[in-house]
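Okay, start-v8.cif is below, mmCIF, C-alpha atoms; chains and numbers go by the auth columns:
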```cif
data_data
#
loop_
_atom_site.group_PDB
_atom_site.id
_atom_site.type_symbol
_atom_site.label_atom_id
_atom_site.label_comp_id
_atom_site.label_asym_id
_atom_site.label_seq_id
_atom_site.Cartn_x
_atom_site.Cartn_y
_atom_site.Cartn_z
_atom_site.B_iso_or_equiv
_atom_site.auth_seq_id
_atom_site.auth_asym_id
ATOM 1 C CA MET A 1 -33.947 3.987 -14.167 0.00 1311 A
ATOM 2 C CA ASN A 2 -34.491 0.309 -14.907 0.00 1312 A
ATOM 3 C CA GLN A 3 -31.011 -1.184 -15.000 0.00 1313 A
ATOM 4 C CA LYS A 4 -30.382 -4.592 -16.491 0.00 1314 A
ATOM 5 C CA THR A 5 -28.470 -6.384 -13.723 0.00 1315 A
ATOM 6 C CA GLY A 6 -26.743 -9.746 -13.685 0.00 1316 A
ATOM 7 C CA VAL A 7 -24.951 -11.590 -10.917 0.00 1317 A
ATOM 8 C CA PHE A 8 -21.937 -13.856 -11.325 0.00 1318 A
ATOM 9 C CA VAL A 9 -21.496 -15.960 -8.213 0.00 1319 A
ATOM 10 C CA GLY A 10 -18.835 -18.342 -6.984 0.00 1320 A
ATOM 11 C CA SER A 11 -16.245 -19.060 -4.369 0.00 1321 A
ATOM 12 C CA PHE A 12 -13.515 -17.669 -6.648 0.00 1322 A
ATOM 13 C CA ASP A 13 -10.713 -19.212 -4.600 0.00 1323 A
ATOM 14 C CA PRO A 14 -8.789 -18.101 -6.553 0.00 1324 A
ATOM 15 C CA PHE A 15 -10.413 -15.976 -9.254 0.00 1325 A
ATOM 16 C CA THR A 16 -8.893 -17.374 -12.471 0.00 1326 A
ATOM 17 C CA ILE A 17 -8.440 -16.200 -16.040 0.00 1327 A
ATOM 18 C CA GLY A 18 -11.458 -18.370 -16.842 0.00 1328 A
ATOM 19 C CA HIS A 19 -13.610 -16.384 -14.400 0.00 1329 A
ATOM 20 C CA ASP A 20 -12.252 -13.146 -15.858 0.00 1330 A
ATOM 21 C CA SER A 21 -13.186 -14.318 -19.351 0.00 1331 A
ATOM 22 C CA ILE A 22 -16.789 -14.936 -18.254 0.00 1332 A
ATOM 23 C CA VAL A 23 -16.996 -11.499 -16.599 0.00 1333 A
ATOM 24 C CA ARG A 24 -15.607 -9.675 -19.624 0.00 1334 A
ATOM 25 C CA ARG A 25 -17.932 -11.539 -22.008 0.00 1335 A
ATOM 26 C CA ALA A 26 -21.011 -11.045 -19.794 0.00 1336 A
ATOM 27 C CA LEU A 27 -20.403 -7.358 -19.086 0.00 1337 A
ATOM 28 C CA PRO A 28 -21.754 -6.036 -22.438 0.00 1338 A
ATOM 29 C CA LEU A 29 -25.080 -7.779 -21.706 0.00 1339 A
ATOM 30 C CA PHE A 30 -25.770 -5.739 -18.560 0.00 1340 A
ATOM 31 C CA ASP A 31 -25.792 -2.215 -17.208 0.00 1341 A
ATOM 32 C CA ARG A 32 -24.551 -3.632 -13.897 0.00 1342 A
ATOM 33 C CA LEU A 33 -22.771 -6.908 -13.123 0.00 1343 A
ATOM 34 C CA VAL A 34 -22.427 -7.931 -9.479 0.00 1344 A
ATOM 35 C CA ILE A 35 -19.747 -10.481 -8.670 0.00 1345 A
ATOM 36 C CA GLY A 36 -21.028 -12.357 -5.638 0.00 1346 A
ATOM 37 C CA VAL A 37 -18.276 -13.964 -3.565 0.00 1347 A
ATOM 38 C CA VAL A 38 -19.423 -16.904 -1.461 0.00 1348 A
ATOM 39 C CA GLY A 39 -18.915 -16.147 2.203 0.00 1349 A
ATOM 40 C CA ASP A 40 -19.957 -19.536 3.544 0.00 1350 A
ATOM 41 C CA ASN A 41 -19.344 -22.823 1.797 0.00 1351 A
ATOM 42 C CA VAL A 42 -19.426 -25.929 3.949 0.00 1352 A
ATOM 43 C CA GLN A 43 -18.133 -28.002 1.029 0.00 1353 A
ATOM 44 C CA LYS A 44 -14.996 -25.847 0.863 0.00 1354 A
ATOM 45 C CA PRO A 45 -14.070 -25.168 4.514 0.00 1355 A
ATOM 46 C CA TYR A 46 -10.467 -24.173 3.721 0.00 1356 A
ATOM 47 C CA MET A 47 -11.228 -21.177 1.517 0.00 1357 A
ATOM 48 C CA ARG A 48 -9.334 -17.941 1.906 0.00 1358 A
ATOM 49 C CA PRO A 49 -11.455 -15.370 3.749 0.00 1359 A
ATOM 50 C CA ALA A 50 -14.198 -13.820 1.598 0.00 1360 A
ATOM 51 C CA GLU A 51 -12.857 -10.315 2.260 0.00 1361 A
ATOM 52 C CA GLU A 52 -9.442 -11.281 0.851 0.00 1362 A
ATOM 53 C CA ARG A 53 -11.022 -12.811 -2.287 0.00 1363 A
ATOM 54 C CA MET A 54 -13.294 -9.770 -2.726 0.00 1364 A
ATOM 55 C CA GLN A 55 -10.392 -7.324 -2.456 0.00 1365 A
ATOM 56 C CA ALA A 56 -8.426 -9.176 -5.130 0.00 1366 A
ATOM 57 C CA ILE A 57 -11.393 -9.154 -7.532 0.00 1367 A
ATOM 58 C CA SER A 58 -12.202 -5.507 -6.759 0.00 1368 A
ATOM 59 C CA ARG A 59 -8.621 -4.494 -7.624 0.00 1369 A
ATOM 60 C CA LEU A 60 -8.925 -6.286 -10.957 0.00 1370 A
ATOM 61 C CA TYR A 61 -12.052 -4.329 -11.945 0.00 1371 A
ATOM 62 C CA ALA A 62 -11.273 -1.033 -10.196 0.00 1372 A
ATOM 63 C CA GLY A 63 -11.613 0.880 -13.477 0.00 1373 A
ATOM 64 C CA GLU A 64 -14.946 -0.668 -14.470 0.00 1374 A
ATOM 65 C CA PRO A 65 -17.887 1.211 -12.886 0.00 1375 A
ATOM 66 C CA ALA A 66 -20.478 -1.346 -14.064 0.00 1376 A
ATOM 67 C CA ILE A 67 -18.910 -4.074 -11.900 0.00 1377 A
ATOM 68 C CA GLU A 68 -19.554 -4.410 -8.169 0.00 1378 A
ATOM 69 C CA VAL A 69 -18.063 -7.060 -5.904 0.00 1379 A
ATOM 70 C CA LYS A 70 -20.099 -8.169 -2.904 0.00 1380 A
ATOM 71 C CA PRO A 71 -20.191 -11.068 -0.464 0.00 1381 A
ATOM 72 C CA TYR A 72 -23.132 -13.385 -0.480 0.00 1382 A
ATOM 73 C CA HIS A 73 -24.470 -16.098 1.796 0.00 1383 A
ATOM 74 C CA GLY A 74 -27.140 -18.635 1.055 0.00 1384 A
ATOM 75 C CA LEU A 75 -28.778 -19.243 -2.296 0.00 1385 A
ATOM 76 C CA ALA A 76 -27.611 -17.547 -5.498 0.00 1386 A
ATOM 77 C CA VAL A 77 -31.227 -16.931 -6.497 0.00 1387 A
ATOM 78 C CA ASP A 78 -31.845 -15.037 -3.242 0.00 1388 A
ATOM 79 C CA PHE A 79 -28.694 -12.986 -3.837 0.00 1389 A
ATOM 80 C CA ALA A 80 -29.908 -12.203 -7.371 0.00 1390 A
ATOM 81 C CA ARG A 81 -33.266 -11.029 -6.059 0.00 1391 A
ATOM 82 C CA ALA A 82 -31.608 -8.911 -3.353 0.00 1392 A
ATOM 83 C CA GLU A 83 -29.545 -7.211 -6.092 0.00 1393 A
ATOM 84 C CA ASN A 84 -32.630 -6.717 -8.307 0.00 1394 A
ATOM 85 C CA ALA A 85 -30.985 -8.972 -10.884 0.00 1395 A
ATOM 86 C CA ARG A 86 -33.057 -10.962 -13.336 0.00 1396 A
ATOM 87 C CA PHE A 87 -30.061 -13.016 -14.444 0.00 1397 A
ATOM 88 C CA ILE A 88 -27.491 -15.324 -12.887 0.00 1398 A
ATOM 89 C CA VAL A 89 -24.417 -15.748 -15.092 0.00 1399 A
ATOM 90 C CA LYS A 90 -22.562 -19.050 -14.920 0.00 1400 A
ATOM 91 C CA GLY A 91 -19.599 -20.395 -16.844 0.00 1401 A
ATOM 92 C CA VAL A 92 -19.473 -23.989 -18.048 0.00 1402 A
ATOM 93 C CA ARG A 93 -16.367 -25.889 -19.118 0.00 1403 A
ATOM 94 C CA SER A 94 -17.727 -29.349 -19.831 0.00 1404 A
ATOM 95 C CA ALA A 95 -20.809 -31.508 -20.219 0.00 1405 A
ATOM 96 C CA LYS A 96 -20.543 -32.310 -16.501 0.00 1406 A
ATOM 97 C CA ASP A 97 -20.599 -28.577 -15.634 0.00 1407 A
ATOM 98 C CA PHE A 98 -23.481 -28.076 -18.058 0.00 1408 A
ATOM 99 C CA GLU A 99 -25.686 -30.729 -16.435 0.00 1409 A
ATOM 100 C CA TYR A 100 -24.997 -29.404 -12.937 0.00 1410 A
ATOM 101 C CA GLU A 101 -25.712 -25.799 -13.948 0.00 1411 A
ATOM 102 C CA ARG A 102 -28.810 -26.788 -15.955 0.00 1412 A
ATOM 103 C CA GLU A 103 -30.287 -28.474 -12.868 0.00 1413 A
ATOM 104 C CA GLN A 104 -29.451 -25.437 -10.732 0.00 1414 A
ATOM 105 C CA ALA A 105 -31.029 -23.135 -13.330 0.00 1415 A
ATOM 106 C CA ASP A 106 -34.232 -25.198 -13.315 0.00 1416 A
ATOM 107 C CA VAL A 107 -34.469 -25.067 -9.532 0.00 1417 A
ATOM 108 C CA ASN A 108 -33.661 -21.332 -9.436 0.00 1418 A
ATOM 109 C CA ARG A 109 -36.359 -20.636 -12.022 0.00 1419 A
ATOM 110 C CA LEU A 110 -38.878 -22.566 -9.879 0.00 1420 A
ATOM 111 C CA ILE A 111 -37.826 -20.926 -6.606 0.00 1421 A
ATOM 112 C CA SER A 112 -38.000 -17.455 -8.147 0.00 1422 A
ATOM 113 C CA GLN A 113 -41.293 -18.201 -9.889 0.00 1423 A
ATOM 114 C CA GLY A 114 -39.683 -17.430 -13.232 0.00 1424 A
ATOM 115 C CA GLN A 115 -38.248 -14.080 -12.127 0.00 1425 A
ATOM 116 C CA VAL A 116 -34.579 -15.137 -12.299 0.00 1426 A
ATOM 117 C CA GLU A 117 -33.048 -16.763 -15.367 0.00 1427 A
ATOM 118 C CA THR A 118 -29.619 -18.342 -15.685 0.00 1428 A
ATOM 119 C CA LEU A 119 -27.323 -17.511 -18.584 0.00 1429 A
ATOM 120 C CA LEU A 120 -24.683 -20.125 -19.333 0.00 1430 A
ATOM 121 C CA LEU A 121 -21.539 -18.933 -21.048 0.00 1431 A
ATOM 122 C CA TYR A 122 -19.255 -21.621 -22.375 0.00 1432 A
ATOM 123 C CA ALA A 123 -15.603 -21.432 -21.445 0.00 1433 A
ATOM 124 C CA GLU A 124 -13.293 -20.322 -24.186 0.00 1434 A
ATOM 125 C CA PRO A 125 -11.390 -23.442 -25.353 0.00 1435 A
ATOM 126 C CA GLN A 126 -8.050 -22.277 -23.961 0.00 1436 A
ATOM 127 C CA PHE A 127 -9.622 -21.962 -20.490 0.00 1437 A
ATOM 128 C CA SER A 128 -11.712 -25.151 -20.417 0.00 1438 A
ATOM 129 C CA SER A 129 -9.220 -27.061 -18.250 0.00 1439 A
ATOM 130 C CA ILE A 130 -8.595 -24.257 -15.763 0.00 1440 A
ATOM 131 C CA SER A 131 -10.352 -24.453 -12.410 0.00 1441 A
ATOM 132 C CA SER A 132 -9.780 -22.887 -9.025 0.00 1442 A
ATOM 133 C CA THR A 133 -9.286 -26.390 -7.611 0.00 1443 A
ATOM 134 C CA MET A 134 -6.515 -27.116 -10.119 0.00 1444 A
ATOM 135 C CA VAL A 135 -4.838 -23.781 -9.372 0.00 1445 A
ATOM 136 C CA ARG A 136 -4.976 -24.381 -5.600 0.00 1446 A
ATOM 137 C CA GLU A 137 -3.491 -27.858 -6.045 0.00 1447 A
ATOM 138 C CA LEU A 138 -0.641 -26.524 -8.169 0.00 1448 A
ATOM 139 C CA GLN A 139 -0.014 -23.787 -5.564 0.00 1449 A
ATOM 140 C CA HIS A 140 0.122 -26.456 -2.854 0.00 1450 A
ATOM 141 C CA PHE A 141 2.974 -28.133 -4.729 0.00 1451 A
ATOM 142 C CA GLY A 142 4.870 -24.887 -5.200 0.00 1452 A
ATOM 143 C CA VAL A 143 4.084 -24.331 -8.875 0.00 1453 A
ATOM 144 C CA ASP A 144 3.984 -20.744 -10.155 0.00 1454 A
ATOM 145 C CA VAL A 145 0.315 -20.295 -11.097 0.00 1455 A
ATOM 146 C CA SER A 146 0.521 -16.686 -12.317 0.00 1456 A
ATOM 147 C CA GLN A 147 -0.347 -17.764 -15.881 0.00 1457 A
ATOM 148 C CA PHE A 148 -3.761 -18.893 -14.610 0.00 1458 A
ATOM 149 C CA LEU A 149 -4.570 -15.671 -12.738 0.00 1459 A
ATOM 150 C CA PRO A 150 -5.673 -12.403 -14.334 0.00 1460 A
ATOM 151 C CA SER A 151 -3.531 -9.337 -13.705 0.00 1461 A
ATOM 152 C CA PRO A 152 -3.208 -7.666 -11.214 0.00 1462 A
ATOM 153 C CA LEU A 153 -4.320 -10.519 -8.893 0.00 1463 A
#
```
In structure tokens, write the structure found in this file.
Amino acid sequence: MNQKTGVFVGSFDPFTIGHDSIVRRALPLFDRLVIGVVGDNVQKPYMRPAEERMQAISRLYAGEPAIEVKPYHGLAVDFARAENARFIVKGVRSAKDFEYEREQADVNRLISQGQVETLLLYAEPQFSSISSTMVRELQHFGVDVSQFLPSPL
């Protein structure tokens, strides 16, 4: 069977309602959607352990058989190829995000010799200001961030 597979990759520290929105909107496009949780990110050395982030995301989608949650290391395009995915799904909130993701998509297309495409899904307006960084900062200052996290995370 030739499944249409996409990967959605990120550090997801934490996995926000914005991430959940992208997953739920991307899911109808694929037979299988793999959420790839970054296991090594030198730019974010204080991340919660990948296993902890993966467990939280897995609990959220426990009832959805088309979603798998896996760790990944290295390049997203290599992870996509390892999962037999032709598509990398990315969410964009702003023009700044768009330019960054567009450049990454161009490089990924070159590296994969056109075998992996990137699909950009725009953030829903109510989620465009929500980021994992913002949520972590609010948590640091003792703010209840539950409104920014999907249930049951």
Residue among A:Arg1403, A:Arg1334, A:Arg1412, A:Arg1342 lying closest to Lys1314 (chain A), counting only C-alpha atoms:
A:Arg1342
To one decimal place, how far is CA of Pro1375 (chain A) from CA of Leu1339 (chain A) in Å?
14.5 Å
Taking into account only C-alpha atoms, which residue in the set A:Ala1386, A:Ala1433, A:Ala1336, A:Val1317 is nearest to Gly1349 (chain A)?
A:Ala1386
The PyMOL selection byres ((chain A and resi 1369-1373) around 8) resolved against shown file, as a ChimeraX atom specification
/A:1365-1368,1374-1375,1377,1460-1463
CA of Gln1423 (chain A) sits from CA of Asp1388 (chain A) at a separation of 12.0 Å
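CA of His1383 (chain A) is positioned 13.2 Å from CA of Pro1359 (chain A).
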Which neighbours of Val1387 (chain A) fall inside 12 Å, counting only C-alpha atoms, when residues of the same chain fewer than 3 positions from it are skipped, and could you give them as number ranges by chain?
A: 1316-1319, 1346, 1382-1384, 1390-1399, 1414-1428
For C-alpha atoms, I'd like the residues from the last selection saved as a PDB file, in the coordinates of the input.
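Final file, again-v9.pdb:
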```
ATOM      1  CA  GLY A1316     -26.743  -9.746 -13.685  1.00  0.00           C
ATOM      2  CA  VAL A1317     -24.951 -11.590 -10.917  1.00  0.00           C
ATOM      3  CA  PHE A1318     -21.937 -13.856 -11.325  1.00  0.00           C
ATOM      4  CA  VAL A1319     -21.496 -15.960  -8.213  1.00  0.00           C
ATOM      5  CA  GLY A1346     -21.028 -12.357  -5.638  1.00  0.00           C
ATOM      6  CA  TYR A1382     -23.132 -13.385  -0.480  1.00  0.00           C
ATOM      7  CA  HIS A1383     -24.470 -16.098   1.796  1.00  0.00           C
ATOM      8  CA  GLY A1384     -27.140 -18.635   1.055  1.00  0.00           C
ATOM      9  CA  ALA A1390     -29.908 -12.203  -7.371  1.00  0.00           C
ATOM     10  CA  ARG A1391     -33.266 -11.029  -6.059  1.00  0.00           C
ATOM     11  CA  ALA A1392     -31.608  -8.911  -3.353  1.00  0.00           C
ATOM     12  CA  GLU A1393     -29.545  -7.211  -6.092  1.00  0.00           C
ATOM     13  CA  ASN A1394     -32.630  -6.717  -8.307  1.00  0.00           C
ATOM     14  CA  ALA A1395     -30.985  -8.972 -10.884  1.00  0.00           C
ATOM     15  CA  ARG A1396     -33.057 -10.962 -13.336  1.00  0.00           C
ATOM     16  CA  PHE A1397     -30.061 -13.016 -14.444  1.00  0.00           C
ATOM     17  CA  ILE A1398     -27.491 -15.324 -12.887  1.00  0.00           C
ATOM     18  CA  VAL A1399     -24.417 -15.748 -15.092  1.00  0.00           C
ATOM     19  CA  GLN A1414     -29.451 -25.437 -10.732  1.00  0.00           C
ATOM     20  CA  ALA A1415     -31.029 -23.135 -13.330  1.00  0.00           C
ATOM     21  CA  ASP A1416     -34.232 -25.198 -13.315  1.00  0.00           C
ATOM     22  CA  VAL A1417     -34.469 -25.067  -9.532  1.00  0.00           C
ATOM     23  CA  ASN A1418     -33.661 -21.332  -9.436  1.00  0.00           C
ATOM     24  CA  ARG A1419     -36.359 -20.636 -12.022  1.00  0.00           C
ATOM     25  CA  LEU A1420     -38.878 -22.566  -9.879  1.00  0.00           C
ATOM     26  CA  ILE A1421     -37.826 -20.926  -6.606  1.00  0.00           C
ATOM     27  CA  SER A1422     -38.000 -17.455  -8.147  1.00  0.00           C
ATOM     28  CA  GLN A1423     -41.293 -18.201  -9.889  1.00  0.00           C
ATOM     29  CA  GLY A1424     -39.683 -17.430 -13.232  1.00  0.00           C
ATOM     30  CA  GLN A1425     -38.248 -14.080 -12.127  1.00  0.00           C
ATOM     31  CA  VAL A1426     -34.579 -15.137 -12.299  1.00  0.00           C
ATOM     32  CA  GLU A1427     -33.048 -16.763 -15.367  1.00  0.00           C
ATOM     33  CA  THR A1428     -29.619 -18.342 -15.685  1.00  0.00           C
TER      34      THR A1428
END
```
Which residue, A:Ala1405, A:Leu1430, A:Leu1459, A:Ile1332, has the smallest gap to Ser1442 (chain A) when you use all atoms listed in the file?
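That would be A:Leu1459, the residue with the smallest distance to Ser1442 (chain A).
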I would like the residues chosen by the PyMOL selection byres ((chain A and resi 1347) around 8) on the shown file; could you give them as a PyMOL selection string?
chain A and resi 1319-1322+1345-1346+1348-1349+1360+1363-1364+1379-1382
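Listed by chain and then by number, the residues chosen by the PyMOL selection byres ((chain A and resi 1401) around 6) in this file are Lys1400, Val1402, Leu1430, Leu1431 and Tyr1432 of chain A.
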Identify, on the basis of all atoms listed in the file, every residue whose closest approach to Ser1441 (chain A) does not exceed 8 Å; exclude the query and any residue fewer than 2 positions from it along the same chain; express the result as an mmCIF file with C-alpha atoms, in the coordinates of the input.
```cif
data_model
loop_
_atom_site.group_PDB
_atom_site.id
_atom_site.type_symbol
_atom_site.label_atom_id
_atom_site.label_comp_id
_atom_site.auth_asym_id
_atom_site.auth_seq_id
_atom_site.Cartn_x
_atom_site.Cartn_y
_atom_site.Cartn_z
ATOM 1 C CA THR A 1326 -8.893 -17.374 -12.471
ATOM 2 C CA GLY A 1328 -11.458 -18.370 -16.842
ATOM 3 C CA SER A 1439 -9.220 -27.061 -18.250
ATOM 4 C CA THR A 1443 -9.286 -26.390 -7.611
ATOM 5 C CA MET A 1444 -6.515 -27.116 -10.119
ATOM 6 C CA VAL A 1445 -4.838 -23.781 -9.372
#
```
